[in-house]
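Structure file query-v5.txt; described as compact mmCIF, C-alpha atoms.
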```txt
# COMPACT_ATOMS: atom_id res chain seq x y z
CA MET X 1 151.91 70.70 -33.93
CA PRO X 2 151.75 70.17 -30.17
CA PHE X 3 153.55 73.48 -29.62
CA ALA X 4 150.32 75.23 -30.60
CA ARG X 5 149.34 74.52 -26.99
CA LEU X 6 151.99 76.98 -25.87
CA ALA X 7 150.49 79.69 -28.05
CA THR X 8 147.32 79.55 -25.96
CA ALA X 9 149.17 79.71 -22.64
CA THR X 10 149.02 83.00 -20.80
CA THR X 11 151.82 82.63 -18.26
CA PRO X 12 155.00 84.63 -18.94
CA THR X 13 157.05 81.47 -18.42
CA CYS X 14 155.26 79.30 -20.99
CA HIS X 15 158.17 79.67 -23.41
CA ILE X 16 160.64 78.36 -20.86
CA GLY X 17 160.86 74.57 -20.77
CA LEU X 18 162.41 72.18 -18.27
CA GLY X 19 165.12 69.82 -19.51
CA LEU X 20 165.88 66.74 -17.44
CA ALA X 21 169.49 66.06 -18.47
CA ALA X 22 170.86 67.17 -15.10
CA VAL X 23 168.52 65.15 -12.87
CA GLY X 24 167.78 61.97 -14.81
CA ARG X 25 171.20 60.47 -14.06
CA PRO X 26 173.79 60.88 -11.29
CA GLY X 27 176.62 62.14 -13.54
CA TYR X 28 176.64 65.01 -16.03
CA ILE X 29 179.04 67.69 -17.30
CA ASN X 30 177.35 70.68 -15.66
CA LEU X 31 179.53 72.72 -13.31
CA GLY X 32 178.45 72.84 -9.67
CA ARG X 33 176.82 69.41 -9.46
CA ASP X 34 178.55 68.53 -6.20
CA GLU X 35 176.83 71.47 -4.56
CA ASP X 36 173.52 70.92 -6.38
CA LEU X 37 173.09 67.19 -5.80
CA ARG X 38 175.40 66.44 -2.86
CA GLU X 39 176.43 62.82 -2.31
CA ASP X 40 173.06 61.04 -2.29
CA ARG X 41 172.27 60.41 -5.93
CA SER X 42 170.32 57.19 -5.63
CA VAL X 43 167.60 56.40 -8.13
CA GLU X 44 164.85 57.20 -5.64
CA THR X 45 166.49 60.43 -4.50
CA LEU X 46 166.75 61.71 -8.08
CA ARG X 47 163.25 60.47 -8.86
CA THR X 48 161.93 62.54 -5.97
CA ARG X 49 164.02 65.55 -6.99
CA THR X 50 162.76 65.31 -10.58
CA HIS X 51 159.13 65.13 -9.46
CA GLU X 52 159.59 68.15 -7.21
CA LEU X 53 161.12 70.10 -10.09
CA LEU X 54 158.30 69.09 -12.43
CA ASP X 55 155.69 70.13 -9.85
CA ALA X 56 157.39 73.49 -9.29
CA ALA X 57 157.86 74.11 -13.00
CA TYR X 58 154.24 73.36 -13.83
CA ALA X 59 152.98 75.48 -10.94
CA GLN X 60 155.03 78.40 -12.25
CA GLY X 61 153.77 78.15 -15.81
CA VAL X 62 156.27 75.89 -17.55
CA ARG X 63 154.55 73.74 -20.16
CA TYR X 64 157.31 71.98 -22.11
CA PHE X 65 159.28 69.08 -20.62
CA ASP X 66 162.30 67.57 -22.36
CA ALA X 67 163.87 64.14 -21.78
CA ALA X 68 166.02 61.67 -23.73
CA ARG X 69 166.83 57.98 -23.80
CA SER X 70 170.40 58.81 -22.76
CA TYR X 71 169.41 60.96 -19.78
CA GLY X 72 169.52 57.96 -17.46
CA ARG X 73 166.00 57.41 -16.10
CA SER X 74 164.58 60.77 -17.18
CA GLU X 75 161.81 59.23 -19.27
CA GLU X 76 160.91 56.89 -16.40
CA PHE X 77 160.81 59.74 -13.89
CA LEU X 78 158.73 61.88 -16.23
CA ALA X 79 156.37 58.99 -16.97
CA ASP X 80 155.83 58.34 -13.26
CA TRP X 81 154.95 62.00 -12.78
CA LEU X 82 152.60 62.08 -15.77
CA ASN X 83 150.83 58.88 -14.75
CA THR X 84 149.65 60.49 -11.52
CA ARG X 85 148.41 63.56 -13.43
CA PRO X 86 146.25 62.27 -16.27
CA GLY X 87 144.37 65.55 -16.50
CA LEU X 88 147.35 67.62 -17.65
CA GLU X 89 146.36 68.35 -21.23
CA ASP X 90 148.15 71.68 -21.65
CA ILE X 91 151.74 70.41 -21.61
CA VAL X 92 154.10 69.30 -24.37
CA VAL X 93 156.38 66.30 -23.81
CA GLY X 94 159.51 65.74 -25.86
CA SER X 95 162.20 63.09 -25.83
CA LYS X 96 165.15 62.05 -27.98
CA TRP X 97 166.69 58.94 -29.43
CA GLY X 98 170.16 58.29 -30.85
CA TYR X 99 172.28 57.98 -27.71
CA THR X 100 172.26 54.95 -25.41
CA TYR X 101 172.96 55.51 -21.70
CA THR X 102 175.81 53.19 -20.67
CA ALA X 103 177.00 54.49 -17.27
CA ASP X 104 174.86 52.09 -15.21
CA TRP X 105 174.08 54.83 -12.66
CA SER X 106 177.74 55.61 -12.05
CA THR X 107 179.43 59.02 -12.04
CA ASP X 108 182.84 57.66 -12.96
CA ALA X 109 182.01 55.31 -15.82
CA GLU X 110 184.54 55.24 -18.67
CA THR X 111 181.73 55.86 -21.18
CA HIS X 112 178.44 57.52 -20.21
CA GLU X 113 176.60 57.33 -23.52
CA VAL X 114 177.06 55.87 -27.00
CA LYS X 115 175.82 57.60 -30.14
CA ASP X 116 174.18 55.65 -32.98
CA HIS X 117 171.75 57.13 -35.50
CA THR X 118 170.88 53.92 -37.35
CA LEU X 119 167.37 52.69 -38.05
CA ALA X 120 167.92 49.74 -35.70
CA THR X 121 168.66 52.10 -32.81
CA TYR X 122 165.61 54.22 -33.65
CA GLU X 123 163.32 51.18 -33.61
CA ARG X 124 164.77 49.86 -30.35
CA GLN X 125 164.66 53.18 -28.55
CA ARG X 126 161.26 54.11 -29.93
CA ALA X 127 159.88 50.92 -28.37
CA GLU X 128 161.60 51.78 -25.08
CA THR X 129 160.20 55.30 -25.08
CA ASP X 130 156.73 54.09 -26.02
CA ALA X 131 156.77 51.62 -23.12
CA LEU X 132 157.28 54.52 -20.72
CA LEU X 133 155.60 57.56 -22.23
CA GLY X 134 153.08 56.01 -24.61
CA ASP X 135 150.63 58.49 -26.05
CA ARG X 136 151.89 61.25 -23.74
CA LEU X 137 154.87 61.70 -26.05
CA ASP X 138 154.36 64.64 -28.40
CA LEU X 139 157.83 65.17 -29.88
CA TYR X 140 160.58 62.66 -30.74
CA GLN X 141 163.93 64.13 -31.74
CA ILE X 142 167.09 62.70 -33.25
CA HIS X 143 169.71 63.40 -30.59
CA SER X 144 172.72 65.58 -31.53
CA VAL X 145 172.73 65.56 -35.31
CA THR X 146 176.00 66.69 -36.89
CA PRO X 147 176.66 67.28 -40.61
CA ASP X 148 178.12 63.77 -41.00
CA SER X 149 175.23 62.02 -39.24
CA PRO X 150 173.75 59.12 -41.25
CA ALA X 151 170.35 60.27 -40.02
CA LEU X 152 170.51 63.05 -42.61
CA THR X 153 170.82 60.65 -45.56
CA ASP X 154 169.18 57.37 -44.48
CA LYS X 155 166.05 57.19 -46.65
CA GLU X 156 164.74 54.10 -44.86
CA LEU X 157 164.99 55.91 -41.53
CA HIS X 158 163.28 58.95 -43.04
CA ALA X 159 160.41 56.76 -44.21
CA LYS X 160 159.98 55.30 -40.71
CA LEU X 161 160.03 58.74 -39.14
CA ALA X 162 157.48 59.96 -41.67
CA GLU X 163 155.24 57.02 -40.71
CA ALA X 164 155.43 58.11 -37.08
CA ALA X 165 154.60 61.66 -38.13
CA ALA X 166 151.58 60.44 -40.07
CA GLU X 167 150.39 58.75 -36.87
CA GLY X 168 150.54 62.07 -35.01
CA LEU X 169 154.04 62.22 -33.53
CA THR X 170 156.01 65.40 -34.20
CA ILE X 171 159.50 64.63 -35.52
CA GLY X 172 162.44 66.88 -34.71
CA PHE X 173 166.21 66.87 -34.27
CA SER X 174 168.79 68.38 -31.97
CA THR X 175 172.27 69.54 -32.88
CA SER X 176 175.67 69.87 -31.23
CA GLY X 177 179.22 70.77 -32.16
CA PRO X 178 180.86 73.69 -33.95
CA ALA X 179 179.04 72.99 -37.23
CA GLN X 180 175.49 73.25 -35.87
CA ALA X 181 174.46 75.67 -38.63
CA ASP X 182 175.51 73.19 -41.33
CA ALA X 183 173.58 70.40 -39.62
CA ILE X 184 170.46 72.55 -39.32
CA ARG X 185 170.52 73.54 -42.98
CA ALA X 186 171.09 69.94 -44.07
CA ALA X 187 168.13 68.78 -41.97
CA LEU X 188 165.89 71.51 -43.39
CA ALA X 189 166.49 69.98 -46.82
CA VAL X 190 165.30 66.50 -45.79
CA THR X 191 161.92 65.67 -47.33
CA VAL X 192 159.72 62.61 -47.64
CA ASP X 193 157.30 62.56 -50.58
CA GLY X 194 158.05 66.21 -51.13
CA GLU X 195 157.18 67.27 -47.58
CA PRO X 196 159.69 68.48 -44.94
CA LEU X 197 160.35 65.73 -42.39
CA PHE X 198 161.33 67.81 -39.38
CA ARG X 199 159.05 70.18 -37.50
CA THR X 200 161.34 71.19 -34.63
CA VAL X 201 165.03 71.88 -34.05
CA GLN X 202 166.80 71.96 -30.68
CA SER X 203 170.21 73.63 -30.66
CA THR X 204 172.84 75.02 -28.32
CA TYR X 205 172.76 78.81 -28.19
CA ASN X 206 173.98 81.05 -25.39
CA ALA X 207 175.98 84.19 -24.68
CA LEU X 208 179.20 82.32 -25.45
CA GLU X 209 178.07 80.28 -28.48
CA THR X 210 175.86 82.14 -30.99
CA SER X 211 176.98 80.60 -34.28
CA ALA X 212 173.73 78.73 -34.95
CA ALA X 213 171.60 81.90 -34.87
CA PRO X 214 171.30 82.55 -38.64
CA ALA X 215 170.39 78.91 -39.34
CA LEU X 216 167.89 78.88 -36.47
CA ALA X 217 166.27 81.99 -37.93
CA GLU X 218 166.01 80.14 -41.25
CA ALA X 219 164.45 77.15 -39.51
CA HIS X 220 161.94 79.41 -37.78
CA ASP X 221 161.08 81.07 -41.10
CA ALA X 222 160.57 77.59 -42.58
CA GLY X 223 157.94 76.88 -39.93
CA LEU X 224 159.94 74.84 -37.42
CA THR X 225 159.65 75.41 -33.68
CA VAL X 226 163.09 76.29 -32.31
CA ILE X 227 164.05 74.92 -28.89
CA VAL X 228 167.21 76.31 -27.29
CA LYS X 229 169.32 74.07 -25.06
CA GLU X 230 172.39 74.74 -22.95
CA GLY X 231 171.47 78.38 -22.47
CA MET X 232 173.66 78.36 -19.37
CA ALA X 233 176.63 76.82 -21.22
CA ASN X 234 176.69 73.84 -18.83
CA GLY X 235 177.04 76.16 -15.84
CA ARG X 236 179.69 78.47 -17.27
CA LEU X 237 177.18 81.34 -17.17
CA ALA X 238 175.89 80.59 -13.67
CA GLY X 239 176.73 82.78 -10.65
CA PRO X 240 180.14 81.66 -9.40
CA HIS X 241 181.46 80.79 -12.87
CA ALA X 242 179.94 83.69 -14.85
CA PRO X 243 182.12 86.23 -16.70
CA ASP X 244 182.43 89.63 -15.03
CA VAL X 245 180.37 91.34 -17.73
CA LEU X 246 177.43 89.05 -17.03
CA LYS X 247 177.78 89.55 -13.27
CA GLU X 248 177.71 93.34 -13.75
CA ILE X 249 174.55 93.24 -15.88
CA ALA X 250 172.89 90.87 -13.41
CA GLU X 251 173.65 93.29 -10.59
CA GLU X 252 172.12 96.12 -12.62
CA ALA X 253 169.01 94.03 -13.21
CA GLY X 254 168.81 92.93 -9.60
CA LEU X 255 168.58 89.29 -10.65
CA GLY X 256 170.83 86.28 -11.13
CA CYS X 257 173.32 85.77 -13.92
CA ASP X 258 171.20 82.83 -15.07
CA ALA X 259 168.08 84.95 -15.50
CA VAL X 260 170.00 87.49 -17.58
CA ALA X 261 171.64 84.80 -19.72
CA LEU X 262 168.31 83.13 -20.47
CA ALA X 263 166.53 86.47 -21.00
CA ALA X 264 168.98 87.34 -23.78
CA ILE X 265 167.94 84.13 -25.56
CA LEU X 266 164.22 84.72 -25.06
CA ARG X 267 164.64 88.02 -26.89
CA GLN X 268 165.56 86.23 -30.10
CA PRO X 269 162.55 86.34 -32.45
CA TRP X 270 163.15 82.77 -33.57
CA ALA X 271 163.34 81.24 -30.06
CA GLY X 272 160.17 79.25 -29.43
CA VAL X 273 161.18 77.49 -26.20
CA VAL X 274 164.27 78.08 -24.06
CA LEU X 275 165.19 75.21 -21.76
CA SER X 276 166.07 75.50 -18.11
CA GLY X 277 168.37 72.73 -16.99
CA ALA X 278 167.81 73.45 -13.31
CA ALA X 279 168.83 70.80 -10.81
CA THR X 280 167.28 72.52 -7.77
CA ILE X 281 164.04 74.35 -6.99
CA THR X 282 166.03 77.50 -6.23
CA GLN X 283 167.79 77.37 -9.59
CA LEU X 284 164.48 76.86 -11.36
CA ALA X 285 162.87 79.84 -9.66
CA SER X 286 165.86 82.00 -10.58
CA ASN X 287 165.83 80.76 -14.19
CA LEU X 288 162.15 81.60 -14.55
CA HIS X 289 162.84 85.26 -13.71
CA ALA X 290 164.26 85.43 -17.24
CA ALA X 291 160.72 85.95 -18.49
CA VAL X 292 160.58 89.42 -16.91
CA VAL X 293 164.15 90.67 -17.46
CA ASP X 294 164.26 93.75 -19.68
CA LEU X 295 167.71 94.21 -21.21
CA ASP X 296 168.61 97.47 -22.92
CA ASP X 297 170.74 97.90 -26.05
CA ASP X 298 173.86 98.75 -24.05
CA GLN X 299 173.55 95.61 -21.94
CA LEU X 300 173.00 93.45 -25.00
CA ALA X 301 176.05 94.99 -26.65
CA ARG X 302 178.13 94.16 -23.58
CA LEU X 303 176.87 90.59 -23.58
CA ALA X 304 177.88 90.31 -27.23
CA THR X 305 181.51 90.77 -26.21
CA LEU X 306 181.42 87.34 -24.53
CA VAL X 307 181.02 85.37 -27.77
CA GLU X 308 183.67 82.72 -28.36
CA GLU X 309 184.77 81.05 -31.56
CA PRO X 310 182.65 77.89 -32.00
CA GLN X 311 185.66 75.56 -32.20
CA ALA X 312 187.06 76.93 -28.94
CA TYR X 313 183.68 76.78 -27.21
CA TRP X 314 183.07 73.15 -28.15
CA GLU X 315 186.63 72.10 -27.31
CA ARG X 316 186.16 73.51 -23.83
CA ARG X 317 182.76 71.84 -23.49
CA GLY X 318 184.36 68.55 -24.47
CA GLN X 319 186.86 68.95 -21.65
CA LEU X 320 184.24 69.37 -18.94
CA PRO X 321 184.37 66.38 -16.57
CA TRP X 322 181.40 64.18 -15.75
CA HIS X 323 180.58 64.99 -12.13
```
Please, can you express the file's structure as structure tokens?
Amino acid sequence: MPFARLATATTPTCHIGLGLAAVGRPGYINLGRDEDLREDRSVETLRTRTHELLDAAYAQGVRYFDAARSYGRSEEFLADWLNTRPGLEDIVVGSKWGYTYTADWSTDAETHEVKDHTLATYERQRAETDALLGDRLDLYQIHSVTPDSPALTDKELHAKLAEAAAEGLTIGFSTSGPAQADAIRAALAVTVDGEPLFRTVQSTYNALETSAAPALAEAHDAGLTVIVKEGMANGRLAGPHAPDVLKEIAEEAGLGCDAVALAAILRQPWAGVVLSGAATITQLASNLHAAVVDLDDDQLARLATLVEEPQAYWERRGQLPWH
């Protein structure tokens, strides 16, 4: 398991990863992108921004980096960065397949990505990822598995993924939607030749959406590394958009709302890596303060009052515009 590398890291931020969803493409559903990225979102501008974020993250102890085929040119940007740093042996690189990016570098495309979990898509996207990341890729995840995903029942796909695992690639999956817990439990039951197929799970969990927690604890107990995504709820927990309760606790802690929101996730005993989706160096630095936030029982109880019903949370997420 490549995540064993994180166990040997000594920096307090080694369990915070950097996700590239917000900077690998010009449009995304995060709130505040107009302020974060401004008008210049050319390929080269975002390539430079991504490299600066990767440099800053590594310098501050981050050791897991997360991309996806559907995150525009995120794999390309990450590969460029890695190719100029061949000596970095202490990092873990993950990517995902299952969505195809279709926006053609536009922020107002009718469709930004298309989901397909078939074997044909896996083989096509695996070749595309290999062409960019090659042997630097440690983890390949099925992107956004839901309970009805064919990836949970396709035995031919499972066999191909098991072949990749036998060759040294760690196989994982991510989840989305109000039934994340069901998807996680279904994936935990997938075996090939009597052995569990998946070694990692990446799920949405934050102060507003906590429904996956019991299933993530089960995954952790089963030996999977748990990666938490969307800890900032696509910007809903960031400064100007944060609920008053979160703002009050952040003021008490003397840090940003983002640091408090991520710190609450880091406290979960099953959380192996918590992703920062920072789009700026300032956001990244603030996110990384999560590693030193100490929340007391009263503060945690107040944060618990923010939890929304999963259906309502995901309906609102689905309404967020692509900026």
Leaving out segment 168-181 of chain X and any residue of its chain fewer than 4 positions from it, which residues lie within 6 Å of it when counting all atoms listed in the file, given as JSON, numbers by chain? {"X": [138, 139, 140, 141, 142, 143, 144, 145, 164, 198, 199, 200, 201, 202, 203, 212, 215, 310, 311]}
Would you mind listing what lies within 12 Å of Thr153 of chain X as a count of residues only, with all atoms listed in the file counted and same-chain residues fewer than 2 positions away left out? 22
List as a list in words: which residues have an atom within 6 Å of (155.9, 65.6, -41.1), counting all atoms listed in the file? Ala162, Ala165 and Leu197 of chain X
Could you give me, as a list of chain:residue names, the residues within 9 Å of Leu216 of chain X, counting only C-alpha atoms and dropping anything in the same chain fewer than 2 positions from it? X:Ala181, X:Ile184, X:Arg185, X:Val201, X:Ser203, X:Ala212, X:Ala213, X:Pro214, X:Glu218, X:Ala219, X:His220, X:Asp221, X:Leu224, X:Val226, X:Trp270, X:Ala271
Write the selection just made, keeping C-alpha atoms, as a short mmCIF file (atom, residue, chain, number, x, y, z; two decimals), keeping the file's coordinate frame?
```cif
data_model
loop_
_atom_site.label_atom_id
_atom_site.label_comp_id
_atom_site.auth_asym_id
_atom_site.auth_seq_id
_atom_site.Cartn_x
_atom_site.Cartn_y
_atom_site.Cartn_z
CA ALA X 181 174.46 75.67 -38.63
CA ILE X 184 170.46 72.55 -39.32
CA ARG X 185 170.52 73.54 -42.98
CA VAL X 201 165.03 71.88 -34.05
CA SER X 203 170.21 73.63 -30.66
CA ALA X 212 173.73 78.73 -34.95
CA ALA X 213 171.60 81.90 -34.87
CA PRO X 214 171.30 82.55 -38.64
CA GLU X 218 166.01 80.14 -41.25
CA ALA X 219 164.45 77.15 -39.51
CA HIS X 220 161.94 79.41 -37.78
CA ASP X 221 161.08 81.07 -41.10
CA LEU X 224 159.94 74.84 -37.42
CA VAL X 226 163.09 76.29 -32.31
CA TRP X 270 163.15 82.77 -33.57
CA ALA X 271 163.34 81.24 -30.06
#
```
Do a neighbour search on Leu132 of chain X at 8 Å with all atoms listed in the file, toss out local chain neighbours closer than 4 positions, and write the hits as an mmCIF file with C-alpha atoms, in the coordinates of the input.
```
data_model
loop_
_atom_site.group_PDB
_atom_site.id
_atom_site.type_symbol
_atom_site.label_atom_id
_atom_site.label_comp_id
_atom_site.auth_asym_id
_atom_site.auth_seq_id
_atom_site.Cartn_x
_atom_site.Cartn_y
_atom_site.Cartn_z
ATOM 1 C CA GLU X 75 161.810 59.230 -19.270
ATOM 2 C CA GLU X 76 160.910 56.890 -16.400
ATOM 3 C CA ALA X 79 156.370 58.990 -16.970
ATOM 4 C CA GLU X 128 161.600 51.780 -25.080
#
```
Best match for closeness to Val23 of chain X among X:Thr50, X:Ser70, X:Thr121, X:Gln319, counting all atoms listed in the file: X:Thr50
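Candidate residues X:Arg63, X:Arg47, X:Lys115, X:Arg73 were compared for distance to Thr10 of chain X, and the nearest is X:Arg63, using only C-alpha atoms.
You will find atom CA of Trp97 of chain X at 25.8 Å from atom CA of Leu262 of chain X.
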Could you please give me, as a ChimeraX atom specification, the residues of protein, DNA or RNA lying at most 12 Å from (176.8, 92.1, -22.7) in the coordinate frame of the file, considering all atoms listed in the file? /X:206-208,242-250,252,257,260-261,263-264,295-307
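Considering the residues X:Arg69, X:Arg267, X:Arg136, X:Arg126 and counting all atoms listed in the file, Lys160 of chain X has its shortest atom-to-atom contact with X:Arg126.
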Who sits within 6 Å of Asp66 of chain X, all atoms listed in the file, same chain under 3 positions skipped, as a PyMOL selection string: chain X and resi 19+94-95
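A straight line drawn from atom CA of Val274 of chain X to atom CA of Ala57 of chain X is 13.4 Å long.
Of the listed residues (X:Glu308, X:Glu89, X:Asp135, X:Glu315), X:Glu89 comes nearest to Ala9 of chain X; the distances count only C-alpha atoms.
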What's the separation between atom CA of Leu88 of chain X and atom CA of Tyr58 of chain X, in Å to one decimal place? 9.7 Å
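The shortest atom-to-atom distance to Ser74 of chain X, with only C-alpha atoms taken into account, belongs to X:Thr129 out of X:Thr210, X:Thr129, X:Thr107, X:Thr204.
Distance check against Gly235 of chain X using only C-alpha atoms: of X:Ala278, X:Leu53, X:Ala312, X:Ala103, the minimum falls on X:Ala278.
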